[in-house]
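S.K.: This is the structure I want to talk about, given as structure tokens.
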Amino acid sequence: MLTYDDALNLNYYKKTTFTGWMNGMRFLIKREEPVIKEATEDTPEEKGEPIFHAWIWPGPYIFDLTDDSKKTDNTFPFTDDGKKQCVDWINEVISAHSNEYPKNKTDGENPAFVM
């Protein structure tokens with residue numbers, strides 16, 4: 001199970017993404033700033049409030065080598081509460097699919113993270 005502490009603090013996401021795996025499923029969490037209005041010759045691009053964007057997909061392959069049709073994603077506010085919602089969502093989805101994928105080299109209780 002992914003914990004709130006495992007998901008690190010908000011400043012971490014300002015620089016990089018967070019990836020890991022549990023129970024044969026992989027996940028990725030990143031910070032994004034959605035584009036509200038594209039840039040034109042006269043005006044710069046307008047961005048919205050930052051969000052957490054999270055994806056879950058079956059292992060063993062990394063995000064870029066997995067077909068998009070196998071990925072599930074969701075977004076959350078870029079706040080401490082949003083981070084908790086994101087972690088809860090990841091745990092719920094992985095728990096719901098726990099019997100569909102073979103376990104990795106761990107017992108499934110202690111996630112192995114790749115940063």
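Letters for chains follow the order of the structure tokens (A, B, ...), residue numbers begin at 1 for each chain, and ligand numbers begin at 1 in the order shown.
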Neighbouring residues of Glu49 of chain A were defined as those with any atom within 12 Å, considering only C-alpha atoms; residues of the same chain fewer than 5 positions away were excluded. Please report them as a PyMOL selection string.

M.R.: chain A and resi 31-36+75-79

S.K.: From the DSSP assignment of the backbone, select every residue of chain A that is strand (DSSP E or B), and format the answer as a PyMOL selection string.

M.R.: chain A and resi 18-22+25-32+35-37+46-47+51-58+72-77+112-114

S.K.: Run DSSP on the backbone and grab whatever in chain A lands in helix (DSSP H, G or I); send it over as a ChimeraX atom specification.

M.R.: /A:10-13,63-65,68-70,80-96

S.K.: With N, CA and C atoms retained, could you export that selection as a JSON list (two decimals), in the first residue's frame?

M.R.:
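So part02.json came out as:
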```json
[["chain", "number", "residue", "atom", "x", "y", "z"],
["A", 10, "LEU", "N", 5.20, 18.32, -1.67],
["A", 10, "LEU", "CA", 4.83, 19.03, -2.89],
["A", 10, "LEU", "C", 6.04, 19.58, -3.64],
["A", 11, "ASN", "N", 7.06, 20.01, -2.93],
["A", 11, "ASN", "CA", 8.24, 20.58, -3.60],
["A", 11, "ASN", "C", 8.92, 19.57, -4.51],
["A", 12, "TYR", "N", 8.87, 18.30, -4.15],
["A", 12, "TYR", "CA", 9.48, 17.26, -4.98],
["A", 12, "TYR", "C", 8.90, 17.29, -6.39],
["A", 13, "TYR", "N", 7.58, 17.47, -6.50],
["A", 13, "TYR", "CA", 6.89, 17.41, -7.79],
["A", 13, "TYR", "C", 7.13, 18.65, -8.64],
["A", 63, "PHE", "N", 6.26, 3.53, -18.47],
["A", 63, "PHE", "CA", 5.17, 4.34, -19.02],
["A", 63, "PHE", "C", 5.28, 4.49, -20.54],
["A", 64, "ASP", "N", 6.46, 4.88, -21.02],
["A", 64, "ASP", "CA", 6.63, 5.16, -22.44],
["A", 64, "ASP", "C", 6.52, 3.92, -23.32],
["A", 65, "LEU", "N", 6.72, 2.74, -22.77],
["A", 65, "LEU", "CA", 6.66, 1.52, -23.55],
["A", 65, "LEU", "C", 5.34, 0.77, -23.40],
["A", 68, "ASP", "N", -1.16, 3.25, -24.60],
["A", 68, "ASP", "CA", -2.03, 4.18, -23.87],
["A", 68, "ASP", "C", -3.36, 3.54, -23.48],
["A", 69, "SER", "N", -3.83, 2.59, -24.25],
["A", 69, "SER", "CA", -5.12, 1.96, -23.95],
["A", 69, "SER", "C", -5.08, 1.16, -22.64],
["A", 70, "LYS", "N", -3.89, 0.82, -22.16],
["A", 70, "LYS", "CA", -3.75, 0.06, -20.92],
["A", 70, "LYS", "C", -3.59, 0.97, -19.70],
["A", 80, "ASP", "N", -1.87, 19.50, -0.51],
["A", 80, "ASP", "CA", -1.68, 18.33, 0.35],
["A", 80, "ASP", "C", -2.91, 17.42, 0.32],
["A", 81, "ASP", "N", -4.10, 18.02, 0.32],
["A", 81, "ASP", "CA", -5.32, 17.20, 0.24],
["A", 81, "ASP", "C", -5.40, 16.48, -1.11],
["A", 82, "GLY", "N", -5.00, 17.18, -2.18],
["A", 82, "GLY", "CA", -4.98, 16.55, -3.50],
["A", 82, "GLY", "C", -4.01, 15.39, -3.55],
["A", 83, "LYS", "N", -2.86, 15.52, -2.88],
["A", 83, "LYS", "CA", -1.89, 14.42, -2.83],
["A", 83, "LYS", "C", -2.51, 13.22, -2.11],
["A", 84, "LYS", "N", -3.24, 13.47, -1.02],
["A", 84, "LYS", "CA", -3.90, 12.38, -0.30],
["A", 84, "LYS", "C", -4.95, 11.71, -1.18],
["A", 85, "GLN", "N", -5.71, 12.51, -1.92],
["A", 85, "GLN", "CA", -6.71, 11.95, -2.84],
["A", 85, "GLN", "C", -6.04, 11.09, -3.91],
["A", 86, "CYS", "N", -4.91, 11.55, -4.40],
["A", 86, "CYS", "CA", -4.16, 10.83, -5.42],
["A", 86, "CYS", "C", -3.67, 9.49, -4.88],
["A", 87, "VAL", "N", -3.08, 9.49, -3.71],
["A", 87, "VAL", "CA", -2.59, 8.25, -3.08],
["A", 87, "VAL", "C", -3.76, 7.29, -2.84],
["A", 88, "ASP", "N", -4.88, 7.81, -2.33],
["A", 88, "ASP", "CA", -6.05, 6.96, -2.09],
["A", 88, "ASP", "C", -6.55, 6.34, -3.39],
["A", 89, "TRP", "N", -6.59, 7.12, -4.47],
["A", 89, "TRP", "CA", -7.04, 6.63, -5.77],
["A", 89, "TRP", "C", -6.11, 5.52, -6.26],
["A", 90, "ILE", "N", -4.81, 5.73, -6.19],
["A", 90, "ILE", "CA", -3.84, 4.71, -6.63],
["A", 90, "ILE", "C", -4.06, 3.43, -5.83],
["A", 91, "ASN", "N", -4.19, 3.54, -4.52],
["A", 91, "ASN", "CA", -4.40, 2.35, -3.69],
["A", 91, "ASN", "C", -5.70, 1.63, -4.05],
["A", 92, "GLU", "N", -6.77, 2.39, -4.30],
["A", 92, "GLU", "CA", -8.06, 1.79, -4.65],
["A", 92, "GLU", "C", -7.98, 1.04, -5.97],
["A", 93, "VAL", "N", -7.39, 1.66, -6.99],
["A", 93, "VAL", "CA", -7.31, 1.02, -8.31],
["A", 93, "VAL", "C", -6.42, -0.22, -8.25],
["A", 94, "ILE", "N", -5.28, -0.10, -7.62],
["A", 94, "ILE", "CA", -4.38, -1.26, -7.53],
["A", 94, "ILE", "C", -5.02, -2.38, -6.73],
["A", 95, "SER", "N", -5.71, -2.04, -5.66],
["A", 95, "SER", "CA", -6.39, -3.06, -4.85],
["A", 95, "SER", "C", -7.49, -3.76, -5.67],
["A", 96, "ALA", "N", -8.22, -2.99, -6.47],
["A", 96, "ALA", "CA", -9.30, -3.56, -7.28],
["A", 96, "ALA", "C", -8.77, -4.52, -8.34]]
```

S.K.: Return the single residue from A:Lys71, A:Lys15, A:His53, A:His97 that is closest to Ile29 of chain A, with distances computed using only C-alpha atoms.

M.R.: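 Answer, going by the shortest atom-to-atom distance: A:His53.
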
S.K.: Give me, please, the distance in Å between atom CA of Leu2 of chain A and atom CA of Met22 of chain A, quoted to one decimal.

M.R.: 8.2 Å

S.K.: Quote the spacing between atom CA of Trp55 of chain A and atom CA of Glu100 of chain A in Å to one decimal place.

M.R.: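 Pair atom CA of Trp55 of chain A / atom CA of Glu100 of chain A returns 17.4 Å.
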